[in-house]
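*Asks:* Pasting upload.cif here (mmCIF, C-alpha atoms):
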data_my_file
#
loop_
_atom_site.label_atom_id
_atom_site.label_comp_id
_atom_site.auth_asym_id
_atom_site.auth_seq_id
_atom_site.Cartn_x
_atom_site.Cartn_y
_atom_site.Cartn_z
CA MET B 1 87.98 266.92 64.39
CA ALA B 2 87.90 263.33 63.24
CA ALA B 3 91.66 263.10 63.42
CA SER B 4 91.64 264.24 67.06
CA MET B 5 89.01 261.62 67.98
CA LEU B 6 91.08 258.91 66.27
CA CYS B 7 94.19 259.96 68.17
CA SER B 8 92.36 259.94 71.55
CA ARG B 9 90.99 256.43 70.99
CA THR B 10 94.35 255.14 69.87
CA ALA B 11 95.95 256.60 72.99
CA MET B 12 93.27 254.96 75.16
CA LEU B 13 93.94 251.57 73.59
CA CYS B 14 97.70 251.96 74.09
CA ARG B 15 97.21 252.81 77.76
CA THR B 16 95.04 249.72 78.19
CA LEU B 17 97.64 247.45 76.62
CA LYS B 18 100.40 249.05 78.70
CA LEU B 19 98.37 248.45 81.86
CA ILE B 20 98.02 244.80 80.90
CA SER B 21 101.75 244.35 80.37
CA CYS B 22 102.61 246.08 83.67
CA SER B 23 100.15 244.08 85.73
CA LYS B 24 101.41 240.61 84.67
CA THR B 25 103.42 240.11 87.84
CA VAL B 26 100.64 241.37 90.15
CA LEU B 27 97.42 239.96 88.84
CA SER B 28 96.47 236.40 89.32
CA GLU B 29 95.64 234.05 86.52
CA GLY B 30 91.89 234.60 86.97
CA SER B 31 92.09 238.36 86.99
CA ARG B 32 94.42 238.28 84.02
CA SER B 33 92.05 236.16 81.98
CA VAL B 34 89.14 238.44 82.87
CA LEU B 35 91.10 241.48 81.80
CA LEU B 36 92.13 239.80 78.57
CA MET B 37 88.52 238.90 77.83
CA GLN B 38 87.45 242.49 78.44
CA THR B 39 90.15 243.71 76.11
CA LYS B 40 89.20 241.15 73.52
CA SER B 41 85.54 242.07 73.67
CA TYR B 42 86.32 245.84 73.41
CA ASN B 43 84.37 247.16 70.46
CA PRO B 44 84.62 250.93 70.08
CA LYS B 45 82.09 252.88 68.16
CA PRO B 46 83.08 253.56 64.56
CA LEU B 47 84.33 257.01 63.71
CA ARG B 48 81.99 259.18 61.74
CA LEU B 49 84.46 260.24 59.10
CA ASN B 50 83.28 262.05 56.02
CA LEU B 51 85.85 260.97 53.43
CA ARG B 52 83.73 261.86 50.40
CA ASP B 53 83.14 265.56 50.89
CA GLN B 54 85.97 268.07 50.86
CA TYR B 55 87.32 269.33 54.15
CA ILE B 56 87.44 273.11 54.45
CA PRO B 57 88.59 274.25 57.91
CA ASP B 58 86.72 276.98 59.72
CA LYS B 59 89.25 279.76 60.32
CA ASP B 60 86.99 281.49 62.83
CA SER B 61 86.81 278.41 65.06
CA GLU B 62 89.15 278.12 68.04
CA LYS B 63 89.40 274.37 67.50
CA THR B 64 90.99 274.80 64.08
CA PRO B 65 94.82 274.48 64.28
CA GLU B 66 96.83 277.57 63.44
CA TRP B 67 98.69 275.85 60.61
CA GLN B 68 95.35 275.37 58.82
CA LYS B 69 94.75 279.13 58.89
CA THR B 70 97.90 280.04 56.95
CA VAL B 71 98.23 281.09 53.31
CA ARG B 72 100.35 278.02 52.67
CA TYR B 73 97.48 275.73 53.67
CA ASP B 74 95.06 277.80 51.55
CA ARG B 75 97.32 277.23 48.54
CA LYS B 76 97.27 273.52 49.30
CA LEU B 77 93.46 273.47 49.48
CA PHE B 78 93.14 275.48 46.27
CA GLY B 79 95.54 273.11 44.53
CA ARG B 80 93.46 270.15 45.67
CA TYR B 81 89.88 271.43 45.24
CA GLY B 82 90.28 274.45 42.97
CA SER B 83 87.59 277.10 43.11
CA ALA B 84 85.39 274.68 45.10
CA SER B 85 87.56 275.44 48.13
CA GLY B 86 86.02 278.91 48.29
CA ILE B 87 89.45 280.56 48.51
CA ASP B 88 90.09 283.77 46.61
CA ARG B 89 92.89 283.03 44.19
CA ALA B 90 94.13 286.63 44.38
CA SER B 91 94.99 286.11 48.07
CA LEU B 92 97.34 283.28 47.16
CA TRP B 93 99.76 285.51 45.25
CA PRO B 94 102.73 286.94 47.19
CA SER B 95 102.67 290.57 48.31
CA HIS B 96 104.88 293.25 46.78
CA GLU B 97 107.38 292.95 49.65
CA GLN B 98 107.47 289.15 49.37
CA LEU B 99 107.82 289.38 45.60
CA GLU B 100 110.76 291.81 45.87
CA LYS B 101 112.42 289.53 48.42
CA MET B 102 111.96 286.53 46.12
CA ILE B 103 113.48 288.49 43.20
CA VAL B 104 116.51 289.45 45.31
CA GLU B 105 117.02 285.83 46.42
CA GLU B 106 116.61 284.62 42.84
CA ASN B 107 119.23 287.08 41.58
CA GLU B 108 121.59 286.14 44.40
CA TRP B 109 121.40 282.36 44.16
CA HIS B 110 120.46 281.99 40.47
CA PRO B 111 121.86 285.00 38.61
CA PRO B 112 121.19 285.47 34.87
CA LEU B 113 123.53 283.96 32.32
CA ALA B 114 124.98 287.34 31.34
CA VAL B 115 125.89 288.10 34.95
CA MET B 116 127.50 284.67 35.37
CA LEU B 117 129.55 285.11 32.17
CA LYS B 118 130.68 288.57 33.27
CA SER B 119 131.71 287.22 36.67
CA ILE B 120 133.70 284.42 35.03
CA GLU B 121 135.37 286.92 32.68
CA GLU B 122 136.35 289.19 35.60
CA LYS B 123 137.81 286.25 37.54
CA GLU B 124 139.82 285.10 34.52
CA LYS B 125 141.08 288.66 33.98
CA GLU B 126 142.12 288.93 37.62
CA GLN B 127 143.95 285.60 37.47
CA THR B 128 145.72 286.66 34.26
CA GLU B 129 146.86 289.93 35.84
CA LYS B 130 148.17 288.11 38.92
CA ARG B 131 150.03 285.58 36.75
CA THR B 132 151.54 288.36 34.59
CA ALA B 133 152.68 290.31 37.66
CA LYS B 134 154.24 287.17 39.12
CA GLU B 135 156.06 286.40 35.86
CA LYS B 136 157.41 289.97 35.71
CA LEU B 137 158.65 289.72 39.29
CA ILE B 138 160.39 286.41 38.55
CA ALA B 139 162.00 287.85 35.41
CA ALA B 140 163.24 290.93 37.32
CA ASN B 141 164.68 288.76 40.09
CA MET B 142 166.36 286.48 37.56
CA ALA B 143 167.94 289.54 35.91
CA LYS B 144 169.32 290.60 39.29
CA MET B 145 170.57 287.10 40.09
CA PRO B 146 174.17 287.44 38.72
CA LYS B 147 174.76 290.65 40.70
CA MET B 148 173.18 289.15 43.82
CA VAL B 149 175.41 286.06 43.54
CA ALA B 150 178.50 288.23 43.01
CA ASP B 151 177.62 290.41 46.00
CA TRP B 152 177.04 287.32 48.14
CA ARG B 153 180.41 285.86 47.16
CA ARG B 154 182.15 289.19 47.84
CA GLU B 155 180.54 289.43 51.27
CA LYS B 156 181.60 285.88 52.03
CA ARG B 157 185.21 286.67 51.02
CA GLU B 158 185.21 289.83 53.09
CA ALA B 159 183.78 287.97 56.09
CA ARG B 160 186.43 285.25 55.79
CA SER B 161 189.18 287.83 55.39
CA LYS B 162 187.93 289.81 58.37
CA LEU B 163 187.68 286.65 60.49
CA LYS B 164 191.20 285.64 59.48
CA GLU B 165 192.48 289.12 60.30
CA GLU B 166 190.76 289.14 63.68
CA THR B 167 192.12 285.67 64.47
CA GLY B 168 195.66 286.74 63.57
CA ARG B 169 195.37 289.93 65.60
CA ARG B 170 194.04 288.01 68.59
CA THR B 171 196.86 285.46 68.34
CA LYS B 172 199.43 288.28 68.11
CA LEU B 173 197.95 290.06 71.14
CA LEU B 174 197.97 286.84 73.19
CA ALA B 175 201.61 286.20 72.26
CA GLU B 176 202.56 289.76 73.18
CA ALA B 177 200.69 289.50 76.49
CA LYS B 178 202.50 286.23 77.29
CA GLU B 179 205.83 287.85 76.45
CA ARG B 180 205.01 290.91 78.59
CA PHE B 181 203.57 289.13 81.66
CA GLY B 182 205.54 285.89 81.40
CA TYR B 183 202.49 283.59 81.34
CA THR B 184 199.44 282.86 79.26
CA VAL B 185 196.77 285.46 79.96
CA ASP B 186 193.03 284.89 79.79
CA PRO B 187 191.67 287.16 77.01
CA ARG B 188 188.73 288.02 79.29
CA SER B 189 190.93 289.19 82.19
CA PRO B 190 191.18 292.92 83.03
CA LYS B 191 194.97 292.82 82.48
CA PHE B 192 194.59 291.66 78.91
CA LEU B 193 191.81 294.15 78.15
CA GLU B 194 193.85 296.98 79.62
CA MET B 195 196.87 296.00 77.56
CA VAL B 196 194.74 295.87 74.40
CA ALA B 197 193.39 299.36 75.12
CA VAL B 198 196.91 300.73 75.58
CA LEU B 199 198.17 299.07 72.37
CA GLU B 200 195.18 300.34 70.37
CA LYS B 201 195.82 303.83 71.70
CA GLU B 202 199.50 303.64 70.71
CA ASP B 203 198.64 302.20 67.31
CA LYS B 204 196.13 304.98 66.68
CA LYS B 205 198.75 307.55 67.66
CA LYS B 206 201.30 305.99 65.28
CA ARG B 207 198.84 305.99 62.37
CA LYS B 208 197.96 309.59 63.01
CA LEU B 209 201.66 310.55 63.09
CA MET B 210 202.38 308.66 59.85
CA LYS B 211 199.44 310.30 58.15
CA ARG B 212 200.68 313.74 59.15
CA ARG B 213 204.21 312.94 57.94
CA ASP B 214 202.92 311.77 54.57
CA LYS B 215 200.92 314.95 54.20
CA GLU B 216 203.96 317.10 54.98
CA GLU B 217 206.11 315.21 52.47
CA LYS B 218 203.51 315.78 49.76
CA VAL B 219 203.48 319.52 50.46
CA VAL B 220 207.29 319.97 50.80
CA GLY B 221 208.24 317.65 47.91
CA PRO B 222 207.47 320.00 44.94
CA ALA B 223 209.16 323.03 46.64
CA VAL B 224 212.51 321.20 47.03
CA VAL B 225 212.82 320.51 43.29
CA SER B 226 215.40 322.93 41.73
CA PRO B 227 214.45 325.00 38.70
CA PRO B 228 215.80 323.92 35.30
CA ALA B 229 219.09 325.48 34.00
CA SER B 230 218.73 328.36 31.56
#
Turn this file's structure into C-alpha cells for me.
*Replies:*
Amino acid sequence: MAASMLCSRTAMLCRTLKLISCSKTVLSEGSRSVLLMQTKSYNPKPLRLNLRDQYIPDKDSEKTPEWQKTVRYDRKLFGRYGSASGIDRASLWPSHEQLEKMIVEENEWHPPLAVMLKSIEEKEKEQTEKRTAKEKLIAANMAKMPKMVADWRREKREARSKLKEETGRRTKLLAEAKERFGYTVDPRSPKFLEMVAVLEKEDKKKRKLMKRRDKEEKVVGPAVVSPPAS
C-alpha cells in the first residue's frame, strides 16, 4: 500500500516537471516564475510507512498483488521472519509431483558419479570398437592392394591394346573405302557404314568357314593315319 502511494506521488511530481519544461516557450516570464515558485513551495505530506513492523500481505484482499500470494513469496517471508510470519512451514515443501519432477531433472542434468563413469566407459568402448573396425578394414584393403594394382594395370594395357586395334581397323577401313570409291570417304556417311556392314558380314562368314574347316580336319586327321606294319 505504501509503495503504491509513493509511486503515485512520484508520478505526479514527474508530470509537473514535464509540464514546466513543455511550457517554456508559451508562458511568459511572470507566469514562469509563479509556476516555479509553486513548484518550489510544494511540500507533500510525509508517507506513513511502517518500517519497523514486519509486512505480512493479506491474501484475501483484492488489493494484494498476485505475486505476493504465491508459495515462492511465502518462502521468502518465512526466510525473513521465520515462524513470526505465521506461515505453516509444511506448506513450503514441494508436493509429491513437484518432488518427482525435481528428482527427474536432477538425474538428467546432474547424474550420479556411477552413471557418469558408466557413460564414459561405454563411449570409450564404442570409440575403441570403431577404431578397431577401421584398422581391420584398412589392413584388408592393404592386403588386396597388390592384386588391385595388377588388375588396374592389366585393364589399362587391354584398353590401350583395344584402342590401338580399333584405330588400326578404322585406318584400314578408310584406306579400303578410298581405294573402292576413289576418294576419301567421311566415316559418318551412309556409304562408309554400308561398306563396313558388308565387310563385317563377309569377315564373319570367313571366320565361320575357317572354324568349320578346322573342325573337319581334326575329325578326319586320325582316320587317315595308316595302321602300323605287322
*Asks:* I need the residue nearest Leu174 (chain B) from this list: B:Ala114, B:Val196, B:Met210, B:Ala159. Use all atoms listed in the file for the distance.
*Replies:*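 The shortest atom-to-atom distance to Leu174 (chain B) comes from B:Val196.
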*Asks:* CA of Trp109 (chain B) to CA of Arg89 (chain B): how many Å, to one decimal?
*Replies:* 28.5 Å
*Asks:* Pick from B:Phe192, B:Arg213, B:Asp74, B:Lys125: nearest to Gly86 (chain B), with only C-alpha atoms counted?
*Replies:*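 Closest residue, counting only C-alpha atoms: B:Asp74.
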*Asks:* Taking into account only C-alpha atoms, which residue in the set B:Tyr55, B:Phe181, B:Trp93, B:Trp152 is nearest to Arg72 (chain B)?
*Replies:* B:Trp93
*Asks:* One number please: CA of Lys201 (chain B) to CA of Glu179 (chain B), in Å, one decimal.
*Replies:*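 Pair CA of Lys201 (chain B) / CA of Glu179 (chain B) returns 19.4 Å.
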*Asks:* I'd like the interatomic distance between CA of Val115 (chain B) and CA of Ile103 (chain B), to a tenth of an Å.
*Replies:*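 Computing it gives 14.9 Å between the two atoms.
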